[in-house]
$ cat protein.cif   # mmCIF, C-alpha atoms
data_final
#
loop_
_atom_site.label_atom_id
_atom_site.label_comp_id
_atom_site.auth_asym_id
_atom_site.auth_seq_id
_atom_site.Cartn_x
_atom_site.Cartn_y
_atom_site.Cartn_z
CA MET A 55 86.58 57.19 -32.34
CA LEU A 56 89.66 54.96 -32.44
CA GLU A 57 88.48 52.85 -29.52
CA LYS A 58 85.05 52.41 -31.01
CA THR A 59 86.50 51.36 -34.35
CA LYS A 60 88.76 48.88 -32.60
CA ASN A 61 85.80 47.41 -30.72
CA ILE A 62 83.76 46.98 -33.90
CA ALA A 63 86.73 45.43 -35.65
CA ARG A 64 87.39 43.09 -32.75
CA GLN A 65 83.77 42.03 -32.74
CA ILE A 66 83.87 41.26 -36.47
CA LEU A 67 86.99 39.15 -36.09
CA GLU A 68 85.70 37.30 -33.02
CA GLU A 69 82.39 36.50 -34.64
CA LYS A 70 84.24 35.50 -37.80
CA LYS A 71 82.10 37.71 -39.99
CA ALA A 72 85.13 38.51 -42.08
CA GLY A 73 88.46 36.88 -42.75
CA GLY A 74 90.40 40.05 -42.31
CA ILE A 75 90.14 43.74 -41.65
CA LEU A 76 91.92 46.15 -43.94
CA GLY A 77 93.13 49.22 -42.11
CA LEU A 78 96.19 51.23 -41.26
CA MET A 79 98.77 49.89 -38.87
CA LYS A 80 101.52 51.65 -36.98
CA GLY A 81 104.24 49.10 -37.35
CA GLN A 82 107.92 48.87 -36.70
CA TRP A 83 109.76 52.22 -36.38
CA ASN A 84 106.37 53.94 -36.25
CA ILE A 85 105.83 53.51 -39.97
CA ILE A 86 102.18 53.66 -40.91
CA GLN A 87 101.12 51.22 -43.56
CA PRO A 88 98.02 49.36 -44.74
CA HIS A 89 97.64 45.99 -43.11
CA ILE A 90 95.14 43.14 -43.01
CA PHE A 91 94.34 42.41 -39.39
CA GLU A 92 93.51 38.76 -38.99
CA ALA A 93 93.71 38.26 -35.22
CA PRO A 94 92.01 40.40 -32.56
CA ALA A 95 95.33 40.78 -30.71
CA GLU A 96 96.84 42.64 -33.64
CA LEU A 97 94.26 45.38 -33.45
CA ASP A 98 96.17 47.39 -30.82
CA ALA A 99 98.37 48.73 -33.59
CA LEU A 100 95.38 50.07 -35.57
CA VAL A 101 95.43 53.77 -36.41
CA LEU A 102 92.99 55.89 -38.40
CA GLU A 103 95.14 58.82 -39.50
CA PRO A 104 96.36 59.94 -41.98
CA LYS A 105 93.86 59.73 -44.82
CA TRP A 106 94.81 56.75 -46.93
CA LEU A 107 92.53 55.49 -49.67
CA LEU A 108 92.07 51.76 -49.36
CA ALA A 109 89.44 51.12 -52.04
CA LYS A 110 91.80 50.14 -54.82
CA LEU A 111 93.83 48.02 -52.45
CA ALA A 112 90.68 46.25 -51.28
CA MET A 113 89.77 45.52 -54.88
CA GLY A 114 93.16 43.96 -55.52
CA ILE A 115 92.97 41.85 -52.38
CA LEU A 116 89.49 40.59 -53.15
CA ARG A 117 90.41 39.75 -56.72
CA SER A 118 93.33 37.55 -55.68
CA SER A 119 91.67 35.95 -52.67
CA PRO A 120 89.74 32.68 -52.75
CA GLU A 121 85.98 32.51 -53.05
CA ASN A 122 83.93 33.08 -49.91
CA TYR A 123 86.68 35.22 -48.45
CA LYS A 124 85.23 38.25 -46.79
CA LEU A 125 87.07 41.46 -46.16
CA ALA A 126 86.10 44.30 -43.88
CA VAL A 127 87.46 47.71 -44.82
CA ILE A 128 87.84 50.64 -42.50
CA CYS A 129 86.75 53.42 -44.81
CA ARG A 130 86.13 57.12 -44.92
CA GLY A 131 83.37 58.76 -46.92
CA CYS A 132 85.32 58.88 -50.16
CA ASP A 133 86.53 55.32 -49.71
CA GLU A 134 83.01 54.05 -49.27
CA ARG A 135 81.77 55.91 -52.34
CA ALA A 136 84.61 54.45 -54.37
CA LEU A 137 83.81 50.94 -53.13
CA ILE A 138 80.16 51.38 -54.07
CA GLU A 139 81.14 52.55 -57.54
CA LEU A 140 83.40 49.52 -57.90
CA ILE A 141 80.58 47.19 -56.88
CA LYS A 142 78.36 48.87 -59.47
CA ARG A 143 81.00 48.13 -62.08
CA ASN A 144 81.19 44.45 -61.05
CA GLN A 145 84.75 44.72 -59.82
CA ILE A 146 83.91 43.66 -56.28
CA GLU A 147 81.23 41.27 -55.13
CA LYS A 148 78.80 42.93 -52.83
CA GLU A 149 78.64 39.92 -50.50
CA SER A 150 82.37 39.74 -49.94
CA LEU A 151 82.71 43.23 -48.54
CA LEU A 152 81.99 44.70 -45.12
CA THR A 153 82.61 48.32 -44.28
CA ILE A 154 83.38 50.10 -41.06
CA GLY A 155 82.60 53.73 -41.73
CA ILE A 156 84.48 56.49 -39.98
CA ALA A 157 83.86 60.21 -40.29
CA CYS A 158 86.50 62.75 -41.20
CA SER A 159 87.38 65.77 -39.10
CA GLN A 160 86.50 69.29 -40.16
CA GLU A 161 90.13 70.09 -40.93
CA GLN A 162 90.42 67.05 -43.17
CA ALA A 163 87.23 68.02 -45.01
CA ALA A 164 88.53 71.52 -45.60
CA LEU A 165 91.83 70.15 -46.83
CA CYS A 166 90.20 67.76 -49.30
CA LEU A 167 87.45 70.22 -50.34
CA CYS A 168 85.05 67.42 -49.55
CA ASP A 169 81.34 68.13 -49.70
CA ARG A 170 80.42 64.88 -47.97
CA PRO A 171 83.12 63.94 -45.44
CA TYR A 172 81.25 60.99 -43.96
CA PRO A 173 80.13 57.59 -45.26
CA THR A 174 76.47 56.65 -45.65
CA LYS A 175 76.96 53.82 -43.15
CA LEU A 176 78.61 55.65 -40.29
CA ASP A 177 79.95 53.50 -37.44
CA ALA A 178 82.32 55.74 -35.54
CA GLY A 179 82.85 59.46 -35.24
CA GLU A 180 80.66 62.51 -35.68
CA LYS A 181 79.35 63.84 -38.95
CA VAL A 182 80.81 67.20 -39.81
CA LYS A 183 79.52 69.67 -42.34
CA GLY A 184 80.95 69.44 -45.83
CA VAL A 185 82.77 72.18 -47.65
CA ASP A 186 81.40 73.77 -50.81
CA PRO A 187 84.35 73.64 -53.21
CA PHE A 188 83.11 76.62 -55.18
CA GLN A 189 83.43 78.84 -52.11
CA ASP A 190 87.06 77.95 -51.55
CA GLU A 191 89.75 80.45 -52.47
CA ARG A 192 92.05 77.86 -54.03
CA VAL A 193 89.35 76.63 -56.39
CA ARG A 194 88.02 80.04 -57.25
CA GLU A 195 91.43 81.02 -58.46
CA PHE A 196 91.01 78.44 -61.20
CA LEU A 197 87.38 79.07 -62.03
CA ILE A 198 87.13 82.86 -62.13
CA GLY A 199 88.35 85.05 -64.93
CA ASN A 200 87.66 84.83 -68.62
CA ASP A 201 88.53 81.98 -70.94
CA LYS A 202 91.94 83.34 -71.79
CA GLN A 203 93.03 83.75 -68.19
CA ARG A 204 91.82 80.30 -67.32
CA MET A 205 93.64 78.84 -70.30
CA GLU A 206 96.88 80.43 -69.20
CA ARG A 207 96.43 79.29 -65.65
CA TRP A 208 95.81 75.72 -66.69
CA ALA A 209 98.62 75.78 -69.22
CA ASP A 210 101.00 76.79 -66.42
CA MET A 211 99.80 73.82 -64.42
CA LEU A 212 99.62 71.19 -67.14
CA LYS A 213 103.02 72.14 -68.53
CA ARG A 214 104.59 70.58 -65.49
CA CYS A 215 103.17 67.14 -66.22
CA ILE A 216 105.83 64.44 -66.42
CA LYS A 217 103.34 61.82 -67.58
CA CYS A 218 103.93 59.43 -64.74
CA TYR A 219 100.36 58.13 -64.99
CA GLY A 220 100.10 58.56 -61.22
CA CYS A 221 96.70 60.20 -61.53
CA ARG A 222 95.35 57.22 -63.39
CA ASN A 223 97.00 54.58 -61.25
CA SER A 224 95.96 56.08 -57.96
CA CYS A 225 92.36 56.66 -58.97
CA PRO A 226 90.17 54.04 -57.31
CA ILE A 227 87.74 54.07 -60.22
CA CYS A 228 90.14 53.97 -63.18
CA ILE A 229 89.93 50.27 -63.91
CA CYS A 230 89.68 49.99 -67.70
CA GLU A 231 91.88 47.43 -69.32
CA PRO A 232 93.27 48.37 -71.84
CA CYS A 233 93.49 52.07 -71.06
CA LYS A 234 92.94 54.72 -73.70
CA LEU A 235 95.75 56.79 -72.29
CA GLU A 236 98.23 54.16 -73.45
CA ASP A 237 96.86 54.03 -76.97
CA ASP A 238 98.60 55.96 -79.72
CA VAL A 239 95.29 56.68 -81.41
CA TRP A 240 94.19 58.89 -78.54
CA VAL A 241 97.31 60.09 -76.80
CA LYS A 242 100.65 60.52 -78.48
CA ARG A 243 103.16 58.30 -76.75
CA GLY A 244 106.74 59.08 -75.95
CA VAL A 245 106.35 62.80 -75.43
CA VAL A 246 106.67 64.90 -72.30
CA PRO A 247 104.71 66.87 -71.14
CA ALA A 248 101.61 64.91 -71.92
CA GLU A 249 99.32 66.38 -74.54
CA ALA A 250 97.11 68.65 -72.49
CA ILE A 251 93.79 68.21 -74.19
CA THR A 252 93.91 64.52 -74.86
CA PHE A 253 95.73 63.14 -71.86
CA HIS A 254 94.27 65.25 -69.10
CA LEU A 255 90.84 65.94 -70.43
CA ILE A 256 90.16 62.39 -71.60
CA ARG A 257 91.15 61.18 -68.16
CA ALA A 258 89.00 63.80 -66.49
CA PHE A 259 86.05 63.13 -68.74
CA HIS A 260 86.06 59.39 -68.23
CA LEU A 261 85.42 60.10 -64.57
CA SER A 262 82.78 62.75 -65.17
CA ASP A 263 79.90 60.81 -63.66
CA THR A 264 81.87 58.46 -61.44
CA CYS A 265 84.34 60.75 -59.71
CA VAL A 266 83.86 60.49 -55.97
CA ALA A 267 86.07 63.53 -55.31
CA CYS A 268 88.49 61.61 -53.12
CA GLY A 269 91.43 63.66 -54.38
CA ALA A 270 93.72 60.67 -54.86
CA CYS A 271 94.82 61.93 -58.30
CA GLN A 272 95.86 65.23 -56.83
CA GLU A 273 97.68 63.68 -53.90
CA ALA A 274 99.53 61.28 -56.16
CA CYS A 275 100.66 64.01 -58.56
CA PRO A 276 104.38 64.62 -58.03
CA VAL A 277 104.20 68.09 -59.58
CA ASN A 278 101.09 69.29 -57.74
CA ILE A 279 98.66 69.77 -60.61
CA PRO A 280 95.25 70.43 -59.06
CA LEU A 281 93.54 67.68 -61.03
CA LEU A 282 90.54 67.48 -58.76
CA TYR A 283 89.47 70.98 -59.79
CA LEU A 284 88.72 69.66 -63.27
CA GLN A 285 85.92 67.56 -61.85
CA PHE A 286 84.01 70.07 -59.77
CA SER A 287 81.94 71.71 -62.47
CA MET A 288 80.89 68.37 -63.95
CA ARG A 289 79.96 67.03 -60.53
CA LYS A 290 77.93 70.14 -59.89
CA THR A 291 76.07 69.80 -63.18
CA ILE A 292 75.17 66.19 -62.46
CA GLN A 293 74.02 67.07 -58.95
CA GLU A 294 71.92 69.99 -60.04
CA TYR A 295 70.33 68.63 -63.17
CA TYR A 296 69.86 64.99 -62.34
CA GLY A 297 70.01 64.91 -58.55
CA TYR A 298 72.67 62.24 -58.72
CA GLU A 299 75.89 61.84 -56.85
CA ALA A 300 78.39 59.08 -57.53
CA GLY A 301 78.76 56.38 -54.93
CA LEU A 302 75.77 57.05 -52.72
CA ASP A 303 73.55 54.18 -53.74
CA LEU A 304 74.08 50.73 -55.19
CA GLU A 305 70.89 50.73 -57.23
CA ILE A 306 70.69 54.15 -58.84
CA LYS A 307 72.51 54.17 -62.14
CA SER A 308 74.42 57.05 -63.57
CA PRO A 309 72.17 59.54 -65.37
CA VAL A 310 74.53 59.52 -68.35
CA LEU A 311 73.31 56.02 -69.16
CA SER A 312 69.63 56.90 -69.37
CA GLY A 313 67.39 59.19 -71.39
CA VAL A 314 66.60 62.77 -70.51
CA PHE A 315 63.22 62.12 -68.98
CA GLU A 316 63.93 58.82 -67.24
CA GLY A 317 65.33 58.29 -63.80
CA PRO A 318 64.02 59.21 -60.38
CA ASP A 319 61.74 62.20 -60.27
CA THR A 320 63.36 65.15 -58.58
CA ASP A 321 62.03 68.67 -58.63
CA ARG A 322 64.80 69.58 -60.94
CA GLU A 323 64.87 72.24 -63.56
CA TYR A 324 65.25 70.86 -67.04
CA PRO A 325 68.44 71.96 -68.72
CA ALA A 326 68.10 74.79 -71.19
CA TRP A 327 68.72 72.56 -74.18
CA VAL A 328 65.47 70.67 -73.81
CA ASN A 329 63.47 73.86 -74.09
CA SER A 330 62.50 73.32 -77.69
CA MET A 331 61.03 69.98 -76.71
CA ARG A 332 59.12 71.33 -73.78
CA GLU A 333 57.24 73.69 -76.00
CA ARG A 334 56.37 70.89 -78.37
CA ASP A 335 55.39 68.27 -75.85
CA GLY A 336 54.03 70.64 -73.28
CA ILE A 337 56.28 69.40 -70.51
CA MET B 54 89.57 96.75 -78.33
CA HIS B 55 89.86 95.32 -81.77
CA THR B 56 89.18 91.61 -81.76
CA VAL B 57 91.27 89.52 -84.08
CA LYS B 58 89.20 87.22 -86.22
CA MET B 59 90.48 83.78 -86.92
CA LYS B 60 91.11 83.61 -90.63
CA ASN B 61 89.93 80.18 -91.56
CA PRO B 62 88.52 78.30 -88.64
CA LYS B 63 88.52 74.58 -89.25
CA ILE B 64 85.25 72.92 -88.43
CA LEU B 65 84.58 69.24 -88.07
CA ILE B 66 81.03 67.98 -88.18
CA PHE B 67 79.92 64.65 -86.85
CA ALA B 68 76.59 64.09 -88.55
CA CYS B 69 74.13 61.37 -87.70
CA LYS B 70 73.33 59.29 -90.74
CA TRP B 71 69.59 59.65 -90.34
CA CYS B 72 69.28 63.37 -89.78
CA GLY B 73 72.34 65.59 -89.82
CA LEU B 74 73.83 63.97 -92.88
CA ILE B 75 70.60 64.14 -94.87
CA GLY B 76 70.35 67.83 -93.99
CA ALA B 77 73.91 68.42 -95.11
CA ASP B 78 73.25 66.51 -98.32
CA ALA B 79 70.13 68.48 -99.03
CA ALA B 80 72.01 71.74 -98.52
CA GLY B 81 74.53 70.56 -101.09
CA LYS B 82 71.89 69.54 -103.59
CA LYS B 83 70.23 72.91 -103.39
CA ARG B 84 73.60 74.58 -104.04
CA ILE B 85 73.33 76.70 -100.93
CA SER B 86 76.57 78.61 -100.55
CA LEU B 87 78.35 77.59 -97.38
CA PRO B 88 81.75 78.35 -95.83
CA SER B 89 84.27 75.94 -97.29
CA GLN B 90 86.38 75.05 -94.26
CA PHE B 91 84.31 72.26 -92.87
CA ARG B 92 84.34 68.50 -93.22
CA VAL B 93 81.54 66.11 -92.43
CA ILE B 94 82.07 62.71 -90.87
CA PRO B 95 78.98 60.52 -91.11
CA VAL B 96 78.25 58.47 -88.02
CA GLU B 97 75.54 55.93 -87.40
CA CYS B 98 74.20 57.79 -84.41
CA ALA B 99 75.19 60.90 -82.48
CA SER B 100 75.67 58.80 -79.38
CA LEU B 101 78.51 56.96 -81.08
CA VAL B 102 80.59 60.11 -81.08
CA GLU B 103 82.73 59.66 -78.04
CA PRO B 104 83.60 62.85 -76.20
CA ASP B 105 87.16 61.57 -76.46
CA ALA B 106 86.93 61.93 -80.22
CA VAL B 107 85.94 65.55 -79.79
CA LEU B 108 88.94 66.12 -77.55
CA ARG B 109 91.23 64.35 -80.00
CA ALA B 110 90.00 66.59 -82.78
CA LEU B 111 90.64 69.71 -80.71
CA ALA B 112 94.14 68.50 -79.96
CA GLY B 113 94.68 67.83 -83.64
CA GLY B 114 94.11 71.44 -84.61
CA ILE B 115 90.39 71.64 -85.24
CA ASP B 116 88.84 74.88 -84.01
CA GLY B 117 85.22 73.92 -83.71
CA ILE B 118 83.26 70.72 -83.59
CA ALA B 119 79.59 70.22 -84.30
CA VAL B 120 77.62 67.15 -83.36
CA LEU B 121 74.39 66.82 -85.27
CA GLY B 122 71.79 64.26 -84.28
CA CYS B 123 68.11 63.51 -84.65
CA HIS B 124 65.25 65.36 -83.04
CA ILE B 125 65.05 64.63 -79.33
CA GLY B 126 61.97 62.48 -79.72
CA GLY B 127 62.97 60.96 -83.04
CA CYS B 128 66.03 58.80 -82.45
CA ARG B 129 66.18 55.50 -84.32
CA TYR B 130 68.02 53.80 -81.52
CA ASN B 131 66.04 53.94 -78.31
CA ASN B 132 66.65 57.53 -77.29
CA ALA B 133 70.37 57.17 -77.79
CA ASN B 134 70.62 60.82 -78.67
CA HIS B 135 69.56 61.68 -75.12
CA THR B 136 72.74 60.12 -73.80
CA ALA B 137 74.69 61.96 -76.46
CA ILE B 138 73.33 65.27 -75.23
CA LYS B 139 74.06 64.47 -71.63
CA ARG B 140 77.63 63.51 -72.32
CA MET B 141 78.33 66.44 -74.56
CA GLU B 142 76.87 68.87 -72.07
CA LEU B 143 79.21 67.48 -69.44
CA LEU B 144 82.09 67.81 -71.86
CA LYS B 145 81.15 71.45 -72.39
CA ASP B 146 81.50 72.00 -68.66
CA LEU B 147 84.94 70.48 -68.73
CA LEU B 148 85.99 72.62 -71.69
CA ASP B 149 84.74 75.67 -69.84
CA THR B 150 86.76 74.81 -66.75
CA THR B 151 90.00 74.72 -68.68
CA GLY B 152 89.14 77.86 -70.61
CA ILE B 153 88.96 76.20 -74.00
CA GLY B 154 85.37 77.34 -73.98
CA ARG B 155 82.05 75.66 -74.47
CA SER B 156 81.35 77.53 -77.69
CA ARG B 157 83.82 75.35 -79.54
CA LEU B 158 81.38 72.51 -79.33
CA LEU B 159 78.01 72.81 -81.03
CA LEU B 160 75.15 70.46 -80.42
CA SER B 161 72.16 70.47 -82.68
CA PHE B 162 69.35 68.03 -83.03
CA GLY B 163 67.16 67.56 -86.04
CA THR B 164 68.17 68.65 -89.54
CA ALA B 165 66.77 65.92 -91.80
CA HIS B 166 65.74 67.62 -95.03
CA GLU B 167 66.09 70.93 -93.24
CA ASP B 168 68.77 72.31 -95.49
CA TYR B 169 68.20 75.91 -94.55
CA GLN B 170 68.53 75.04 -90.90
CA PHE B 171 71.82 73.34 -91.67
CA GLU B 172 73.01 76.43 -93.49
CA GLU B 173 72.00 78.66 -90.62
CA ILE B 174 73.68 76.46 -88.03
CA ILE B 175 76.94 76.22 -89.93
CA LYS B 176 77.12 79.89 -90.77
CA SER B 177 76.43 81.06 -87.24
CA PHE B 178 78.85 78.49 -85.86
CA PHE B 179 81.57 79.77 -88.19
CA ASP B 180 80.95 83.31 -87.00
CA GLU B 181 81.09 82.21 -83.40
CA VAL B 182 84.25 80.15 -83.71
CA SER B 183 86.13 82.76 -85.72
CA LEU B 184 85.84 85.13 -82.76
CA LEU B 185 87.60 82.72 -80.41
CA THR B 186 91.30 82.67 -79.70
CA PRO B 187 93.02 80.01 -81.77
CA LEU B 188 94.08 76.95 -79.82
CA ASP B 189 97.34 76.34 -81.68
CA PRO B 190 99.51 78.83 -79.76
CA TRP B 191 98.17 77.45 -76.53
CA LEU B 192 99.01 73.92 -77.55
CA SER B 193 102.45 74.77 -78.86
CA SER B 194 103.26 76.66 -75.67
CA PHE B 195 103.64 73.30 -73.99
CA GLY B 196 106.95 72.75 -75.68
CA VAL B 197 106.85 69.04 -76.29
CA ILE B 198 110.03 67.13 -75.58
CA SER B 199 110.11 63.86 -77.44
#
$ encode --input "protein.cif" --output "structure tokens"
Amino acid sequence: MLEKTKNIARQILEEKKAGGILGLMKGQWNIIQPHIFEAPAELDALVLEPKWLLAKLAMGILRSSPENYKLAVICRGCDERALIELIKRNQIEKESLLTIGIACSQEQAALCLCDRPYPTKLDAGEKVKGVDPFQDERVREFLIGNDKQRMERWADMLKRCIKCYGCRNSCPICICEPCKLEDDVWVKRGVVPAEAITFHLIRAFHLSDTCVACGACQEACPVNIPLLYLQFSMRKTIQEYYGYEAGLDLEIKSPVLSGVFEGPDTDREYPAWVNSMRERDGI
Amino acid sequence: MHTVKMKNPKILIFACKWCGLIGADAAGKKRISLPSQFRVIPVECASLVEPDAVLRALAGGIDGIAVLGCHIGGCRYNNANHTAIKRMELLKDLLDTTGIGRSRLLLSFGTAHEDYQFEEIIKSFFDEVSLLTPLDPWLSSFGVIS
């Protein structure tokens, strides 16, 4: 997989399709770091592991680079979904981006609870089967039980929060300027731990239809709050009711932006709350 | 087991100006007796109620929130109430995940001049919310350091 990726990258640089390739480099003292490869000779130092989300970095590079600069990004499934969501939100120009898709290993997928551990444009590696997060023991611990038990479990977790804003800063899709989490109207400032309902749930809800389940928030959290688990049930609802998944297609818009009966026709069940209408309109 | 009823649940109602608010007004004009612990905030459209506002209200000590909009086919603003439903349903999922519970949020569509429907909705919502565990102890258990 590594050799193939290197070959594709070399080809891109030799044909001058892109000005640089964003990937991971094993540099001095074996430190792995993101790097923009600009000459084919540099590519010997390219590595693919560990998982390192490059989408937000790519956005920053493209914003500060001159016009007509093209960047190729070596991306995993989650990275590619995040890049697509950023293009949808006009943060990146579609023309200035090339992707080299690599697939994740089964172990990585199980670790990230990823249900789609491969990009749509796969260039190197083998597709492996995704993991259903609702079958995983770690997630079930947070989703089973009655309301009271769940409340206690989450309170234990959210109590640890030191309000470092790492979850927001690491998220590839959190791009709003100004951010509601810094506004006194919504979240009380100057207190630790962060207000549970406002801080965490506003953050989680803003990503309800755009979360690509990359797990960057969770990895960035210094106190190990399982923030990704907040997203699973909303992602599932969107998948089941509207047949939509964030970051798969550039054209399909989020179902939250359209009416109940618009959008692509899937053989979906209508949610229970439109029942009264179905009787009236005979749907 | 004996369930403790919440004494006076506080309810906040976001009512759409064209439907929910007219229903609430009509209920008042007819002198229908209603529980007293609720306040109505008129909004232009149900879709203008951000889910964030619902969360802010919960954090501020409100026990139940109702969002009242127009009939599904009868929105004044290009089916905006459809998006309101979609968002609020997603928010209910999130509330369920954390154990706050989806029954704290009520969605209802279409109460213009339907005062008895308004009465019914509010009364049943009060009954439902008063059975829930109050949020205050949960929130204060965080022990805020400022």
$ residues_around --input "protein.cif" --residues "Cys271 of chain A" --least-positions-apart "5" --cutoff "10 Å" --atoms "only C-alpha atoms" --output "list in words"
Tyr219, Gly220, Cys221, Arg222, Asn223, Ser224, Cys225, Pro226, Pro276, Asn278, Ile279, Pro280, Leu281 and Leu282 of chain A
$ closest_residue --input "protein.cif" --among "B:Gly113, B:Gly126, B:Pro95, B:Pro88" --to "Gly73 of chain B" --atoms "only C-alpha atoms"
B:Pro95
$ atom_distance --input "protein.cif" --atom1 "atom CA of Trp106 of chain A" --atom2 "atom CA of Ala250 of chain A"
28.3 Å
$ closest_atom_pairs --input "protein.cif" --of "chain A" --to "chain B" --cutoff "7 Å" --atoms "all atoms listed in the file" --output "JSON lines"
{"residue": "A:Leu197", "atom": "CA", "partner": "B:Thr150", "partner_atom": "CA", "distance": 6.4}
{"residue": "A:Asp201", "atom": "CA", "partner": "B:Gly152", "partner_atom": "CA", "distance": 4.2}
{"residue": "A:Lys202", "atom": "CA", "partner": "B:Gly152", "partner_atom": "CA", "distance": 6.3}
{"residue": "A:Arg204", "atom": "CA", "partner": "B:Gly152", "partner_atom": "CA", "distance": 4.9}
{"residue": "A:Met205", "atom": "CA", "partner": "B:Gly152", "partner_atom": "CA", "distance": 4.6}
{"residue": "A:Trp208", "atom": "CA", "partner": "B:Thr151", "partner_atom": "CA", "distance": 6.2}
{"residue": "A:Lys213", "atom": "CA", "partner": "B:Phe195", "partner_atom": "CA", "distance": 5.6}
{"residue": "A:Trp240", "atom": "CA", "partner": "B:Arg109", "partner_atom": "CA", "distance": 6.4}
{"residue": "A:Gly244", "atom": "CA", "partner": "B:Ser199", "partner_atom": "CA", "distance": 6.0}
{"residue": "A:Val245", "atom": "CA", "partner": "B:Ser199", "partner_atom": "CA", "distance": 4.4}
{"residue": "A:Val246", "atom": "CA", "partner": "B:Ile198", "partner_atom": "CA", "distance": 5.2}
{"residue": "A:Pro247", "atom": "CA", "partner": "B:Val197", "partner_atom": "CA", "distance": 6.0}
{"residue": "A:Ile251", "atom": "CA", "partner": "B:Ala112", "partner_atom": "CA", "distance": 5.8}
{"residue": "A:Thr252", "atom": "CA", "partner": "B:Arg109", "partner_atom": "CA", "distance": 5.8}
{"residue": "A:Ile256", "atom": "CA", "partner": "B:Asp105", "partner_atom": "CA", "distance": 5.8}
{"residue": "A:Phe259", "atom": "CA", "partner": "B:Leu144", "partner_atom": "CA", "distance": 6.9}
{"residue": "A:Leu284", "atom": "CA", "partner": "B:Thr150", "partner_atom": "CA", "distance": 6.5}
{"residue": "A:Ser287", "atom": "CA", "partner": "B:Asp146", "partner_atom": "CA", "distance": 6.2}
{"residue": "A:Met288", "atom": "CA", "partner": "B:Leu143", "partner_atom": "CA", "distance": 5.8}
{"residue": "A:Val310", "atom": "CA", "partner": "B:Thr136", "partner_atom": "CA", "distance": 5.8}
{"residue": "A:Leu311", "atom": "CA", "partner": "B:Thr136", "partner_atom": "CA", "distance": 6.2}
{"residue": "A:Ser312", "atom": "CA", "partner": "B:Thr136", "partner_atom": "CA", "distance": 6.3}
{"residue": "A:Gly313", "atom": "CA", "partner": "B:His135", "partner_atom": "CA", "distance": 5.0}
{"residue": "A:Val314", "atom": "CA", "partner": "B:His135", "partner_atom": "CA", "distance": 5.6}
$ closest_residue --input "protein.cif" --among "A:Val277, A:Met79, A:Ile229, A:Val193" --to "Arg214 of chain A" --atoms "all atoms listed in the file"
A:Val277
$ resolve_selection --input "protein.cif" --expression "the PyMOL selection byres ((chain B and resi 79) around 10)" --output "list of chain:residue names"
B:Gly73, B:Leu74, B:Ile75, B:Gly76, B:Ala77, B:Asp78, B:Ala80, B:Gly81, B:Lys82, B:Lys83, B:Arg84, B:Ile85, B:Thr164, B:Ala165, B:His166, B:Glu167, B:Asp168, B:Tyr169, B:Phe171
$ atom_distance --input "protein.cif" --atom1 "atom CA of Glu139 of chain A" --atom2 "atom CA of Gly114 of chain A"
14.9 Å
$ resolve_selection --input "protein.cif" --expression "the PyMOL selection byres ((chain A and resi 115-126) around 9)" --output "list of chain:residue names"
A:Ala63, A:Ile66, A:Lys71, A:Ala72, A:Gly73, A:Gly74, A:Ile75, A:Leu76, A:Gly77, A:Ile90, A:Lys110, A:Leu111, A:Ala112, A:Met113, A:Gly114, A:Val127, A:Ile128, A:Gln145, A:Ile146, A:Glu147, A:Glu149, A:Ser150, A:Leu151, A:Leu152, A:Thr153, A:Ile154
$ resolve_selection --input "protein.cif" --expression "the PyMOL selection byres ((chain A and resi 306) around 12)" --output "list in words"
Ile138, Glu139, Lys142, Tyr296, Gly297, Tyr298, Glu299, Ala300, Gly301, Leu302, Asp303, Leu304, Glu305, Lys307, Ser308, Pro309, Val310, Leu311, Ser312, Glu316, Gly317 and Pro318 of chain A
$ build_atoms --input "protein.cif" --residues "segment 143-151 of chain A" --atoms "N, CA and C atoms" --output "PDB file, in the frame of the given file"
ATOM      1  N   ARG A 143      80.300  48.518 -60.846  1.00  0.00           N
ATOM      2  CA  ARG A 143      81.000  48.130 -62.080  1.00  0.00           C
ATOM      3  C   ARG A 143      81.444  46.679 -62.066  1.00  0.00           C
ATOM      4  N   ASN A 144      80.906  45.891 -61.140  1.00  0.00           N
ATOM      5  CA  ASN A 144      81.190  44.450 -61.050  1.00  0.00           C
ATOM      6  C   ASN A 144      82.667  44.153 -60.830  1.00  0.00           C
ATOM      7  N   GLN A 145      83.355  45.014 -60.119  1.00  0.00           N
ATOM      8  CA  GLN A 145      84.750  44.720 -59.820  1.00  0.00           C
ATOM      9  C   GLN A 145      84.880  44.025 -58.468  1.00  0.00           C
ATOM     10  N   ILE A 146      83.910  44.280 -57.602  1.00  0.00           N
ATOM     11  CA  ILE A 146      83.910  43.660 -56.280  1.00  0.00           C
ATOM     12  C   ILE A 146      82.547  43.015 -56.093  1.00  0.00           C
ATOM     13  N   GLU A 147      82.535  41.855 -55.450  1.00  0.00           N
ATOM     14  CA  GLU A 147      81.230  41.270 -55.130  1.00  0.00           C
ATOM     15  C   GLU A 147      80.699  41.900 -53.866  1.00  0.00           C
ATOM     16  N   LYS A 148      79.425  42.230 -53.931  1.00  0.00           N
ATOM     17  CA  LYS A 148      78.800  42.930 -52.830  1.00  0.00           C
ATOM     18  C   LYS A 148      78.868  42.109 -51.541  1.00  0.00           C
ATOM     19  N   GLU A 149      78.714  40.783 -51.676  1.00  0.00           N
ATOM     20  CA  GLU A 149      78.640  39.920 -50.500  1.00  0.00           C
ATOM     21  C   GLU A 149      79.987  39.808 -49.792  1.00  0.00           C
ATOM     22  N   SER A 150      81.065  40.008 -50.537  1.00  0.00           N
ATOM     23  CA  SER A 150      82.370  39.740 -49.940  1.00  0.00           C
ATOM     24  C   SER A 150      82.944  40.956 -49.214  1.00  0.00           C
ATOM     25  N   LEU A 151      82.164  41.997 -49.099  1.00  0.00           N
ATOM     26  CA  LEU A 151      82.710  43.230 -48.540  1.00  0.00           C
ATOM     27  C   LEU A 151      81.896  43.711 -47.332  1.00  0.00           C
TER      28      LEU A 151
END
